[in-house]
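This is start_28.pdb (PDB, C-alpha atoms).
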MODEL        1
ATOM      1  CA  MET A   1      54.203   2.918  48.793
ATOM      2  CA  LYS A   2      53.467   4.146  52.296
ATOM      3  CA  SER A   3      49.797   4.402  53.217
ATOM      4  CA  ALA A   4      49.794   8.093  53.793
ATOM      5  CA  THR A   5      51.801   9.305  50.826
ATOM      6  CA  LEU A   6      50.804  10.194  47.300
ATOM      7  CA  ALA A   7      53.421   9.986  44.533
ATOM      8  CA  LEU A   8      52.980  12.209  41.487
ATOM      9  CA  ALA A   9      55.607  12.168  38.776
ATOM     10  CA  SER A  10      58.872  12.356  40.715
ATOM     11  CA  ARG A  11      57.395  13.956  43.817
ATOM     12  CA  THR A  12      55.871  12.523  46.955
ATOM     13  CA  PHE A  13      53.228  14.291  49.032
ATOM     14  CA  PRO A  14      52.506  13.363  52.649
ATOM     15  CA  SER A  15      48.718  13.236  52.230
ATOM     16  CA  ARG A  16      46.294  11.560  49.853
ATOM     17  CA  LEU A  17      43.809  14.381  50.290
ATOM     18  CA  ILE A  18      44.005  17.365  47.936
ATOM     19  CA  VAL A  19      41.839  20.350  48.812
ATOM     20  CA  GLY A  20      40.596  23.427  47.001
ATOM     21  CA  THR A  21      40.559  27.023  48.174
ATOM     22  CA  GLY A  22      37.286  28.274  46.659
ATOM     23  CA  LYS A  23      33.981  29.205  48.312
ATOM     24  CA  TYR A  24      35.245  29.629  51.882
ATOM     25  CA  PRO A  25      33.472  32.193  54.063
ATOM     26  CA  SER A  26      36.841  33.829  54.795
ATOM     27  CA  LEU A  27      40.543  33.379  54.211
ATOM     28  CA  THR A  28      40.995  32.609  57.901
ATOM     29  CA  VAL A  29      38.511  29.731  57.779
ATOM     30  CA  MET A  30      40.176  28.519  54.588
ATOM     31  CA  ARG A  31      43.604  28.531  56.201
ATOM     32  CA  ASP A  32      42.359  26.703  59.303
ATOM     33  CA  ALA A  33      40.450  24.144  57.239
ATOM     34  CA  ILE A  34      43.478  23.405  55.073
ATOM     35  CA  GLU A  35      45.584  22.907  58.166
ATOM     36  CA  SER A  36      42.921  20.659  59.671
ATOM     37  CA  SER A  37      42.706  18.620  56.452
ATOM     38  CA  GLY A  38      46.403  17.814  56.532
ATOM     39  CA  ALA A  39      46.457  18.292  52.758
ATOM     40  CA  ALA A  40      49.844  18.894  51.182
ATOM     41  CA  LEU A  41      48.509  19.877  47.766
ATOM     42  CA  VAL A  42      46.145  22.813  47.484
ATOM     43  CA  THR A  43      44.384  23.948  44.347
ATOM     44  CA  VAL A  44      43.978  27.568  43.271
ATOM     45  CA  ALA A  45      42.454  29.227  40.221
ATOM     46  CA  VAL A  46      44.067  31.764  37.874
ATOM     47  CA  ARG A  47      42.132  34.970  37.214
ATOM     48  CA  ARG A  48      42.662  38.472  35.913
ATOM     49  CA  VAL A  49      43.684  40.909  38.620
ATOM     50  CA  ASP A  50      40.809  43.313  39.258
ATOM     51  CA  LEU A  51      42.588  46.618  38.863
ATOM     52  CA  SER A  52      39.613  48.673  39.983
ATOM     53  CA  ARG A  53      39.834  47.482  43.562
ATOM     54  CA  ARG A  54      42.730  46.697  45.816
ATOM     55  CA  ASP A  55      42.099  43.494  47.668
ATOM     56  CA  GLY A  56      43.471  42.738  51.097
ATOM     57  CA  ASP A  57      45.453  39.571  51.544
ATOM     58  CA  SER A  58      46.391  37.580  48.485
ATOM     59  CA  ILE A  59      45.636  33.892  48.715
ATOM     60  CA  LEU A  60      49.378  33.225  48.585
ATOM     61  CA  ASP A  61      49.873  35.362  51.690
ATOM     62  CA  VAL A  62      47.599  33.014  53.622
ATOM     63  CA  LEU A  63      48.919  29.666  52.394
ATOM     64  CA  ASP A  64      52.041  28.431  54.154
ATOM     65  CA  GLN A  65      54.092  27.221  51.235
ATOM     66  CA  THR A  66      56.520  25.455  53.526
ATOM     67  CA  LYS A  67      53.627  23.072  54.292
ATOM     68  CA  VAL A  68      51.540  23.009  51.137
ATOM     69  CA  THR A  69      52.302  22.903  47.439
ATOM     70  CA  ILE A  70      50.203  25.079  45.163
ATOM     71  CA  LEU A  71      48.337  23.218  42.435
ATOM     72  CA  PRO A  72      46.919  25.759  39.982
ATOM     73  CA  ASN A  73      43.891  24.772  37.937
ATOM     74  CA  THR A  74      42.508  25.764  34.564
ATOM     75  CA  ALA A  75      38.915  25.942  35.823
ATOM     76  CA  GLY A  76      36.638  27.987  33.642
ATOM     77  CA  CYS A  77      38.453  27.076  30.430
ATOM     78  CA  TYR A  78      36.158  25.830  27.686
ATOM     79  CA  ASN A  79      38.739  24.869  25.088
ATOM     80  CA  ALA A  80      42.275  23.520  24.940
ATOM     81  CA  GLU A  81      43.824  26.837  23.872
ATOM     82  CA  GLU A  82      42.428  28.706  26.890
ATOM     83  CA  ALA A  83      43.555  25.917  29.197
ATOM     84  CA  ILE A  84      47.073  25.868  27.746
ATOM     85  CA  ARG A  85      47.327  29.641  28.024
ATOM     86  CA  THR A  86      46.107  29.553  31.627
ATOM     87  CA  ALA A  87      48.551  26.767  32.494
ATOM     88  CA  ARG A  88      51.478  28.770  31.122
ATOM     89  CA  LEU A  89      50.487  31.807  33.183
ATOM     90  CA  ALA A  90      49.979  29.628  36.250
ATOM     91  CA  ARG A  91      53.472  28.216  35.875
ATOM     92  CA  GLU A  92      54.915  31.703  35.809
ATOM     93  CA  ALA A  93      52.825  32.877  38.777
ATOM     94  CA  GLY A  94      53.506  29.819  40.898
ATOM     95  CA  LEU A  95      56.907  28.785  39.620
ATOM     96  CA  SER A  96      55.791  25.158  39.542
ATOM     97  CA  ASP A  97      55.087  22.722  36.721
ATOM     98  CA  LEU A  98      52.043  21.159  38.378
ATOM     99  CA  ILE A  99      48.728  21.825  36.696
ATOM    100  CA  LYS A 100      45.251  20.540  37.415
ATOM    101  CA  LEU A 101      43.913  20.529  33.889
ATOM    102  CA  GLU A 102      40.256  21.263  33.306
ATOM    103  CA  VAL A 103      38.758  21.683  29.871
ATOM    104  CA  ILE A 104      35.036  22.020  30.389
ATOM    105  CA  GLY A 105      32.584  20.987  27.720
ATOM    106  CA  ASP A 106      29.223  21.852  29.208
ATOM    107  CA  GLU A 107      28.195  24.755  31.422
ATOM    108  CA  ARG A 108      25.419  23.120  33.372
ATOM    109  CA  THR A 109      27.150  19.874  34.276
ATOM    110  CA  LEU A 110      30.756  21.098  34.050
ATOM    111  CA  PHE A 111      31.545  17.768  32.424
ATOM    112  CA  PRO A 112      34.918  17.661  30.670
ATOM    113  CA  ASP A 113      35.462  18.103  26.950
ATOM    114  CA  ASN A 114      37.394  14.896  26.275
ATOM    115  CA  GLU A 115      38.785  15.971  22.941
ATOM    116  CA  GLY A 116      40.042  19.307  24.266
ATOM    117  CA  LEU A 117      41.362  17.647  27.411
ATOM    118  CA  LEU A 118      43.447  15.184  25.441
ATOM    119  CA  HIS A 119      44.770  17.858  23.131
ATOM    120  CA  ALA A 120      45.742  20.128  26.040
ATOM    121  CA  THR A 121      47.311  17.218  27.944
ATOM    122  CA  ARG A 122      49.555  16.328  25.017
ATOM    123  CA  ALA A 123      50.587  19.949  24.502
ATOM    124  CA  LEU A 124      51.329  20.639  28.162
ATOM    125  CA  VAL A 125      53.230  17.385  28.711
ATOM    126  CA  LYS A 126      55.409  18.386  25.772
ATOM    127  CA  GLU A 127      56.077  21.703  27.512
ATOM    128  CA  GLY A 128      57.229  19.916  30.663
ATOM    129  CA  PHE A 129      54.125  20.256  32.809
ATOM    130  CA  VAL A 130      53.080  17.646  35.354
ATOM    131  CA  VAL A 131      49.526  17.322  34.076
ATOM    132  CA  LEU A 132      46.699  16.173  36.352
ATOM    133  CA  PRO A 133      43.580  16.089  34.194
ATOM    134  CA  TYR A 134      40.067  16.277  35.618
ATOM    135  CA  THR A 135      38.167  13.739  33.565
ATOM    136  CA  ASN A 136      34.947  11.797  33.515
ATOM    137  CA  ASP A 137      34.946   8.193  34.690
ATOM    138  CA  ASP A 138      35.550   6.791  31.216
ATOM    139  CA  LEU A 139      38.222   4.119  30.941
ATOM    140  CA  VAL A 140      39.043   4.797  27.294
ATOM    141  CA  VAL A 141      39.620   8.486  27.913
ATOM    142  CA  ALA A 142      41.648   7.684  31.032
ATOM    143  CA  LYS A 143      43.892   5.347  29.048
ATOM    144  CA  ARG A 144      44.406   7.968  26.369
ATOM    145  CA  LEU A 145      45.275  10.584  28.989
ATOM    146  CA  ARG A 146      47.767   8.178  30.548
ATOM    147  CA  ASP A 147      49.275   7.417  27.158
ATOM    148  CA  ALA A 148      49.494  11.162  26.477
ATOM    149  CA  GLY A 149      51.738  11.478  29.533
ATOM    150  CA  ALA A 150      49.342  12.599  32.262
ATOM    151  CA  ALA A 151      50.902  12.177  35.735
ATOM    152  CA  ALA A 152      47.553  10.979  37.129
ATOM    153  CA  VAL A 153      43.961  10.744  36.031
ATOM    154  CA  MET A 154      41.294  12.469  38.086
ATOM    155  CA  PRO A 155      37.852  11.043  37.395
ATOM    156  CA  LEU A 156      34.796  12.682  38.899
ATOM    157  CA  ALA A 157      32.640  10.890  41.467
ATOM    158  CA  ALA A 158      29.718  13.150  40.551
ATOM    159  CA  PRO A 159      29.362  16.658  39.046
ATOM    160  CA  ILE A 160      31.604  19.362  40.504
ATOM    161  CA  GLY A 161      30.125  20.862  43.663
ATOM    162  CA  SER A 162      27.147  18.477  43.670
ATOM    163  CA  GLY A 163      28.018  16.601  46.862
ATOM    164  CA  LEU A 164      26.271  13.526  45.448
ATOM    165  CA  GLY A 165      29.078  11.114  46.229
ATOM    166  CA  LEU A 166      30.156   8.295  43.936
ATOM    167  CA  GLN A 167      27.445   7.791  41.322
ATOM    168  CA  ASN A 168      29.012   5.096  39.190
ATOM    169  CA  PRO A 169      30.978   2.648  41.338
ATOM    170  CA  VAL A 170      31.293   0.196  38.461
ATOM    171  CA  ASN A 171      33.083   2.686  36.219
ATOM    172  CA  LEU A 172      35.452   3.645  39.012
ATOM    173  CA  ARG A 173      36.159  -0.013  39.794
ATOM    174  CA  ILE A 174      36.979  -0.716  36.166
ATOM    175  CA  LEU A 175      39.190   2.355  36.006
ATOM    176  CA  LEU A 176      41.048   1.349  39.164
ATOM    177  CA  GLU A 177      41.585  -2.150  37.811
ATOM    178  CA  GLU A 178      42.903  -0.993  34.477
ATOM    179  CA  ILE A 179      44.918   2.111  35.340
ATOM    180  CA  ARG A 180      47.713   0.765  37.508
ATOM    181  CA  ASP A 181      50.775   2.715  36.451
ATOM    182  CA  ILE A 182      49.698   6.245  37.395
ATOM    183  CA  PRO A 183      47.598   7.421  40.344
ATOM    184  CA  VAL A 184      43.819   7.608  40.072
ATOM    185  CA  ILE A 185      42.574  10.544  42.117
ATOM    186  CA  VAL A 186      38.838  11.005  42.534
ATOM    187  CA  ASP A 187      38.087  14.652  41.854
ATOM    188  CA  ALA A 188      34.688  16.255  42.350
ATOM    189  CA  GLY A 189      31.338  15.249  43.791
ATOM    190  CA  VAL A 190      32.385  14.195  47.299
ATOM    191  CA  GLY A 191      29.774  15.419  49.790
ATOM    192  CA  THR A 192      30.692  13.880  53.104
ATOM    193  CA  ALA A 193      33.264  11.704  54.829
ATOM    194  CA  SER A 194      31.764   8.352  53.818
ATOM    195  CA  ASP A 195      31.964   9.360  50.133
ATOM    196  CA  ALA A 196      35.690   9.897  50.502
ATOM    197  CA  ALA A 197      36.177   6.727  52.552
ATOM    198  CA  MET A 198      34.265   4.671  49.983
ATOM    199  CA  VAL A 199      36.432   5.614  47.008
ATOM    200  CA  MET A 200      39.590   5.138  49.051
ATOM    201  CA  GLU A 201      38.422   1.686  50.149
ATOM    202  CA  MET A 202      37.975   0.841  46.492
ATOM    203  CA  GLY A 203      41.638   1.643  45.916
ATOM    204  CA  ALA A 204      41.682   5.225  44.701
ATOM    205  CA  ASP A 205      45.101   6.788  45.242
ATOM    206  CA  GLY A 206      43.698  10.075  46.454
ATOM    207  CA  VAL A 207      40.725  12.401  46.626
ATOM    208  CA  LEU A 208      40.448  16.029  45.590
ATOM    209  CA  MET A 209      37.643  18.124  47.004
ATOM    210  CA  ASN A 210      36.629  21.693  47.589
ATOM    211  CA  THR A 211      32.916  22.333  48.091
ATOM    212  CA  GLY A 212      32.473  19.304  50.382
ATOM    213  CA  ILE A 213      34.687  21.065  52.913
ATOM    214  CA  ALA A 214      34.249  24.754  52.113
ATOM    215  CA  GLY A 215      30.456  24.495  51.937
ATOM    216  CA  ALA A 216      30.014  22.575  55.193
ATOM    217  CA  SER A 217      28.505  24.403  58.170
ATOM    218  CA  ASP A 218      31.820  23.976  59.951
ATOM    219  CA  PRO A 219      34.515  23.681  57.290
ATOM    220  CA  VAL A 220      37.350  23.175  59.775
ATOM    221  CA  ARG A 221      35.626  20.159  61.344
ATOM    222  CA  MET A 222      34.637  18.757  57.975
ATOM    223  CA  ALA A 223      38.251  19.097  56.835
ATOM    224  CA  ARG A 224      39.314  16.890  59.716
ATOM    225  CA  ALA A 225      36.516  14.425  58.954
ATOM    226  CA  MET A 226      37.730  14.190  55.358
ATOM    227  CA  ARG A 227      41.307  13.707  56.461
ATOM    228  CA  LEU A 228      40.300  10.821  58.714
ATOM    229  CA  ALA A 229      38.012   9.359  56.043
ATOM    230  CA  VAL A 230      40.754   9.345  53.424
ATOM    231  CA  GLU A 231      43.195   7.757  55.866
ATOM    232  CA  ALA A 232      40.651   5.201  57.086
ATOM    233  CA  GLY A 233      39.598   4.292  53.560
ATOM    234  CA  ARG A 234      43.162   3.802  52.442
ATOM    235  CA  LEU A 235      44.045   1.672  55.457
ATOM    236  CA  ALA A 236      40.976  -0.501  54.898
ATOM    237  CA  PHE A 237      41.949  -0.942  51.249
ATOM    238  CA  GLU A 238      45.463  -1.966  52.171
ATOM    239  CA  ALA A 239      44.276  -4.200  55.001
ATOM    240  CA  GLY A 240      42.079  -6.217  52.637
ATOM    241  CA  ARG A 241      38.448  -6.397  53.619
ATOM    242  CA  ILE A 242      36.623  -9.662  54.384
ATOM    243  CA  GLN A 243      34.426 -11.316  51.808
ATOM    244  CA  LYS A 244      30.778 -10.381  52.022
ATOM    245  CA  ARG A 245      28.463 -13.323  52.717
ATOM    246  CA  LEU A 246      24.742 -13.680  52.941
ATOM    247  CA  HIS A 247      24.421 -15.556  56.216
ATOM    248  CA  ALA A 248      25.950 -15.223  59.648
ATOM    249  CA  ALA A 249      29.340 -16.620  60.584
ATOM    250  CA  ALA A 250      29.727 -16.809  64.351
ATOM    251  CA  SER A 251      32.609 -14.840  65.802
ATOM    252  CA  SER A 252      32.702 -16.936  69.001
ATOM    253  CA  PRO A 253      33.720 -20.624  69.062
ATOM    254  CA  ILE A 254      30.926 -23.071  68.385
ATOM    255  CA  VAL A 255      32.473 -25.862  70.453
ATOM    256  CA  GLY A 256      32.437 -25.766  74.248
ATOM    257  CA  THR A 257      29.149 -23.995  74.679
ATOM    258  CA  LEU A 258      27.139 -25.124  77.740
TER     259      LEU A 258
ATOM    260  CA  MET B   1      47.462  53.620  24.896
ATOM    261  CA  ILE B   2      47.762  49.999  25.873
ATOM    262  CA  ARG B   3      45.045  47.493  26.667
ATOM    263  CA  LEU B   4      45.419  46.220  30.231
ATOM    264  CA  ASN B   5      43.114  43.428  31.437
ATOM    265  CA  GLY B   6      40.534  44.349  28.843
ATOM    266  CA  ARG B   7      40.612  48.105  29.421
ATOM    267  CA  ASP B   8      42.335  50.856  27.474
ATOM    268  CA  GLN B   9      44.833  52.686  29.566
ATOM    269  CA  GLU B  10      47.509  55.324  29.172
ATOM    270  CA  ALA B  11      51.006  54.009  29.642
ATOM    271  CA  PRO B  12      54.062  56.140  29.107
ATOM    272  CA  ASP B  13      55.863  54.977  25.985
ATOM    273  CA  GLY B  14      58.938  53.077  27.050
ATOM    274  CA  ALA B  15      57.591  52.158  30.470
ATOM    275  CA  THR B  16      58.538  48.663  31.614
ATOM    276  CA  ILE B  17      56.195  45.915  32.770
ATOM    277  CA  LEU B  18      57.628  46.383  36.241
ATOM    278  CA  ALA B  19      56.766  50.084  36.209
ATOM    279  CA  LEU B  20      53.242  49.263  35.068
ATOM    280  CA  LEU B  21      52.763  46.774  37.912
ATOM    281  CA  GLU B  22      54.154  49.185  40.474
ATOM    282  CA  THR B  23      51.870  51.972  39.252
ATOM    283  CA  ALA B  24      48.931  49.608  39.662
ATOM    284  CA  GLY B  25      50.089  48.756  43.187
ATOM    285  CA  LEU B  26      50.776  45.103  42.390
ATOM    286  CA  GLN B  27      53.548  42.954  43.816
ATOM    287  CA  PRO B  28      55.519  41.546  40.884
ATOM    288  CA  GLY B  29      56.108  38.334  42.831
ATOM    289  CA  ARG B  30      52.383  37.655  43.118
ATOM    290  CA  VAL B  31      51.289  37.948  39.486
ATOM    291  CA  ALA B  32      51.931  36.551  36.040
ATOM    292  CA  VAL B  33      51.940  38.717  32.940
ATOM    293  CA  GLU B  34      51.078  38.005  29.356
ATOM    294  CA  LEU B  35      52.138  40.488  26.679
ATOM    295  CA  ASN B  36      50.453  40.168  23.291
ATOM    296  CA  GLY B  37      49.618  36.548  24.008
ATOM    297  CA  ARG B  38      53.027  35.463  25.303
ATOM    298  CA  VAL B  39      53.984  34.897  28.914
ATOM    299  CA  VAL B  40      56.628  37.312  30.172
ATOM    300  CA  GLN B  41      59.088  35.749  32.572
ATOM    301  CA  ARG B  42      59.187  37.451  35.920
ATOM    302  CA  ALA B  43      62.918  37.991  35.640
ATOM    303  CA  GLY B  44      62.256  40.105  32.566
ATOM    304  CA  PHE B  45      59.659  42.478  34.064
ATOM    305  CA  HIS B  46      62.202  45.275  34.488
ATOM    306  CA  ARG B  47      63.510  44.924  30.943
ATOM    307  CA  VAL B  48      60.433  44.503  28.772
ATOM    308  CA  LEU B  49      59.242  47.843  27.409
ATOM    309  CA  LEU B  50      55.628  48.633  26.586
ATOM    310  CA  ARG B  51      54.602  50.070  23.265
ATOM    311  CA  ALA B  52      51.381  51.681  22.089
ATOM    312  CA  GLY B  53      48.813  49.058  21.172
ATOM    313  CA  ASP B  54      50.233  46.353  23.445
ATOM    314  CA  VAL B  55      47.736  43.960  24.991
ATOM    315  CA  VAL B  56      48.682  43.100  28.555
ATOM    316  CA  GLU B  57      47.025  40.580  30.840
ATOM    317  CA  VAL B  58      47.921  40.468  34.522
ATOM    318  CA  VAL B  59      46.654  37.453  36.432
ATOM    319  CA  HIS B  60      47.012  36.087  39.945
ATOM    320  CA  PHE B  61      45.848  33.154  42.014
ATOM    321  CA  VAL B  62      42.416  33.196  43.614
ATOM    322  CA  GLY B  63      40.462  30.596  45.535
ATOM    323  CA  GLY B  64      39.349  27.666  43.435
ATOM    324  CA  GLY B  65      38.998  23.905  43.239
TER     325      GLY B  65
ENDMDL
END
Using structure tokens, write down the structure that the file contains.
Amino acid sequence: MKSATLALASRTFPSRLIVGTGKYPSLTVMRDAIESSGAALVTVAVRRVDLSRRDGDSILDVLDQTKVTILPNTAGCYNAEEAIRTARLAREAGLSDLIKLEVIGDERTLFPDNEGLLHATRALVKEGFVVLPYTNDDLVVAKRLRDAGAAAVMPLAAPIGSGLGLQNPVNLRILLEEIRDIPVIVDAGVGTASDAAMVMEMGADGVLMNTGIAGASDPVRMARAMRLAVEAGRLAFEAGRIQKRLHAAASSPIVGTL
Amino acid sequence: MIRLNGRDQEAPDGATILALLETAGLQPGRVAVELNGRVVQRAGFHRVLLRAGDVVEVVHFVGGG
């Protein structure tokens, strides 16, 4: 697979960075940040239309769908039924089978409800969805999601919106070693460029982030930083890093010194 | 009366989903509609008639991660 591309189900996307569209100071900043990120997959949420007020631009008016593919999410769903219902509506609104599946089990941490997530994954795969489940960094759950037909697994690095960066490198390493047949995309908790680079260096297939970019003082610059970090991390992974060693190893020849 | 996005609302008996959306000032191509718990395909908006007691949900995409 080419360094820069991410394959999901039968589709290939020209960037390993997936970005969200929430929490931006304005739609203009969001649009510029997405362009700067180079992301080809962009998440959106599904919500009731507020009929009491007429909004200006719709988010779809701002996103150039010749450049980016919409990835609807089921954020805010606390059980499988709500998530399935939201996914069906998202498919009709976006005319695409891609769904970022969230089934949340706890309000304070926004950690996933594994049981609901598995149930919803099975149901949506059966209905023809390309299911990308947001999960915790648990190998057993990841294997079950894969076996249920998920097109990727998306373990968190840290709680959603926390910006803490990767908190459990061992779990992610194990997951990356064991889940080889579908992409592993780190979703949530990335705070800055080095967080993204680190998980990519470890061999993650992609990174999904929202707050890390949207909440930065300059989201457009941070979007570029994340783009470069994801690319750099991937290249370093593919290039094969040197072994770490305790003592020095001279870079210049030892023989021939005066 | 129908229930639209959680609120009771008058809707002329026999009005279509499309008419309802247009009255609300919504672009049919930008929303998805659920009628009594089932998704209505966009191609059917002009055919599906509303009846008293129907529960309609109209959703769209907003910013999110």
Determine, using all atoms listed in the file, which residues of chain A have any atom at most 9 Å from an atom of chain B, and tabulate each with its shortest atom pair and distance in Å to one decimal place, rows ordered by chain and then rising number, as a Markdown table.
| residue | atom | partner | partner_atom | distance |
| --- | --- | --- | --- | --- |
| A:Val19 | CA | B:Gly65 | CA | 7.2 |
| A:Gly20 | CA | B:Gly65 | CA | 4.1 |
| A:Thr21 | CA | B:Gly63 | CA | 4.4 |
| A:Gly22 | CA | B:Gly64 | CA | 3.9 |
| A:Lys23 | CA | B:Gly63 | CA | 7.2 |
| A:Tyr24 | CA | B:Gly63 | CA | 8.3 |
| A:Val42 | CA | B:Gly65 | CA | 8.4 |
| A:Thr43 | CA | B:Gly65 | CA | 5.5 |
| A:Val44 | CA | B:Gly64 | CA | 4.6 |
| A:Ala45 | CA | B:Gly64 | CA | 4.7 |
| A:Val46 | CA | B:Phe61 | CA | 4.7 |
| A:Arg47 | CA | B:Val59 | CA | 5.2 |
| A:Arg48 | CA | B:Val59 | CA | 4.2 |
| A:Val49 | CA | B:Val59 | CA | 5.1 |
| A:Asp50 | CA | B:Asn5 | CA | 8.2 |
| A:Leu51 | CA | B:Ala24 | CA | 7.1 |
| A:Arg54 | CA | B:Gly25 | CA | 8.1 |
| A:Ser58 | CA | B:Val62 | CA | 7.7 |
| A:Ile59 | CA | B:Val62 | CA | 6.1 |
| A:Leu60 | CA | B:Phe61 | CA | 7.5 |
| A:Pro72 | CA | B:Phe61 | CA | 7.7 |
| A:Asn73 | CA | B:Gly65 | CA | 7.3 |
| A:Ala75 | CA | B:Gly65 | CA | 7.7 |
| A:Arg85 | CA | B:Gly37 | CA | 8.3 |
| A:Arg88 | CA | B:Val39 | CA | 7.0 |
| A:Leu89 | CA | B:Ala32 | CA | 5.7 |
| A:Ala90 | CA | B:Ala32 | CA | 7.2 |
| A:Arg91 | CA | B:Ala32 | CA | 8.5 |
| A:Glu92 | CA | B:Ala32 | CA | 5.7 |
| A:Ala93 | CA | B:Ala32 | CA | 4.7 |
| A:Gly94 | CA | B:Arg30 | CA | 8.2 |
| A:Ala188 | CA | B:Gly65 | CA | 8.8 |
| A:Leu208 | CA | B:Gly65 | CA | 8.3 |
| A:Met209 | CA | B:Gly65 | CA | 7.0 |
| A:Asn210 | CA | B:Gly65 | CA | 5.4 |
| A:Thr211 | CA | B:Gly65 | CA | 7.9 |
- prompt: So which residues get picked by the PyMOL selection byres ((chain A and resi 120) around 9) here, written as number ranges by chain?
  reply: A: 79-81, 83-84, 101, 103, 115-119, 121-125
- line: Atom pair CA of Ala229 in chain A + CA of Ala150 in chain A, distance 26.5 Å
Box for range 45-49 of chain B - axis-aligned, 6 Å on each of the six sides, all listed atoms - centre and size in Å to one decimal, as AutoDock Vina command-line options.
--center_x 61.4 --center_y 45.2 --center_z 30.9 --size_x 16.3 --size_y 17.4 --size_z 19.1
message: Would you pick out the contacts of Asp187 in chain A at 6 Å or less, using only C-alpha atoms, so that residues sharing its chain but fewer than 3 positions from it are not included, and give the list as a list in words?
response: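 My reading of the contact set: Met154, Pro155, Leu156, Val207 and Leu208 of chain A.
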task: Tell me, as a PyMOL selection string, which residues lie within 7 Å of Pro183 in chain A, counting all atoms listed in the file; anything in the same chain fewer than 2 positions away does not count.
output: chain A and resi 152-153+181+185+205
For range 85-100 of chain A, where the input has fewer atoms than it should, I would like N, CA and C atoms rebuilt and written as a PDB file, keeping the file's coordinate frame.
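Result written to selection04.pdb:
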ATOM      1  N   ARG A  85      46.911  28.272  27.710  1.00  0.00           N
ATOM      2  CA  ARG A  85      47.327  29.641  28.024  1.00  0.00           C
ATOM      3  C   ARG A  85      47.300  29.867  29.545  1.00  0.00           C
ATOM      4  N   THR A  86      46.235  29.403  30.169  1.00  0.00           N
ATOM      5  CA  THR A  86      46.107  29.553  31.627  1.00  0.00           C
ATOM      6  C   THR A  86      47.203  28.778  32.353  1.00  0.00           C
ATOM      7  N   ALA A  87      47.511  27.582  31.860  1.00  0.00           N
ATOM      8  CA  ALA A  87      48.551  26.767  32.494  1.00  0.00           C
ATOM      9  C   ALA A  87      49.911  27.462  32.416  1.00  0.00           C
ATOM     10  N   ARG A  88      50.184  28.066  31.275  1.00  0.00           N
ATOM     11  CA  ARG A  88      51.478  28.770  31.122  1.00  0.00           C
ATOM     12  C   ARG A  88      51.574  29.939  32.092  1.00  0.00           C
ATOM     13  N   LEU A  89      50.486  30.681  32.240  1.00  0.00           N
ATOM     14  CA  LEU A  89      50.487  31.807  33.183  1.00  0.00           C
ATOM     15  C   LEU A  89      50.609  31.300  34.618  1.00  0.00           C
ATOM     16  N   ALA A  90      49.931  30.197  34.898  1.00  0.00           N
ATOM     17  CA  ALA A  90      49.979  29.628  36.250  1.00  0.00           C
ATOM     18  C   ALA A  90      51.403  29.221  36.599  1.00  0.00           C
ATOM     19  N   ARG A  91      52.087  28.643  35.624  1.00  0.00           N
ATOM     20  CA  ARG A  91      53.472  28.216  35.875  1.00  0.00           C
ATOM     21  C   ARG A  91      54.342  29.412  36.227  1.00  0.00           C
ATOM     22  N   GLU A  92      54.111  30.510  35.550  1.00  0.00           N
ATOM     23  CA  GLU A  92      54.915  31.703  35.809  1.00  0.00           C
ATOM     24  C   GLU A  92      54.552  32.327  37.156  1.00  0.00           C
ATOM     25  N   ALA A  93      53.253  32.275  37.502  1.00  0.00           N
ATOM     26  CA  ALA A  93      52.825  32.877  38.777  1.00  0.00           C
ATOM     27  C   ALA A  93      53.228  32.019  39.966  1.00  0.00           C
ATOM     28  N   GLY A  94      53.257  30.714  39.769  1.00  0.00           N
ATOM     29  CA  GLY A  94      53.506  29.819  40.898  1.00  0.00           C
ATOM     30  C   GLY A  94      54.864  29.175  40.875  1.00  0.00           C
ATOM     31  N   LEU A  95      55.568  29.349  39.767  1.00  0.00           N
ATOM     32  CA  LEU A  95      56.907  28.785  39.620  1.00  0.00           C
ATOM     33  C   LEU A  95      56.918  27.281  39.886  1.00  0.00           C
ATOM     34  N   SER A  96      55.873  26.609  39.411  1.00  0.00           N
ATOM     35  CA  SER A  96      55.791  25.158  39.542  1.00  0.00           C
ATOM     36  C   SER A  96      55.179  24.590  38.268  1.00  0.00           C
ATOM     37  N   ASP A  97      55.559  23.346  37.958  1.00  0.00           N
ATOM     38  CA  ASP A  97      55.087  22.722  36.721  1.00  0.00           C
ATOM     39  C   ASP A  97      53.785  21.950  36.888  1.00  0.00           C
ATOM     40  N   LEU A  98      53.280  21.911  38.135  1.00  0.00           N
ATOM     41  CA  LEU A  98      52.043  21.159  38.378  1.00  0.00           C
ATOM     42  C   LEU A  98      50.843  21.904  37.821  1.00  0.00           C
ATOM     43  N   ILE A  99      49.963  21.190  37.148  1.00  0.00           N
ATOM     44  CA  ILE A  99      48.728  21.825  36.696  1.00  0.00           C
ATOM     45  C   ILE A  99      47.565  20.844  36.800  1.00  0.00           C
ATOM     46  N   LYS A 100      46.499  21.303  37.451  1.00  0.00           N
ATOM     47  CA  LYS A 100      45.251  20.540  37.415  1.00  0.00           C
ATOM     48  C   LYS A 100      44.505  21.008  36.169  1.00  0.00           C
TER      49      LYS A 100
END
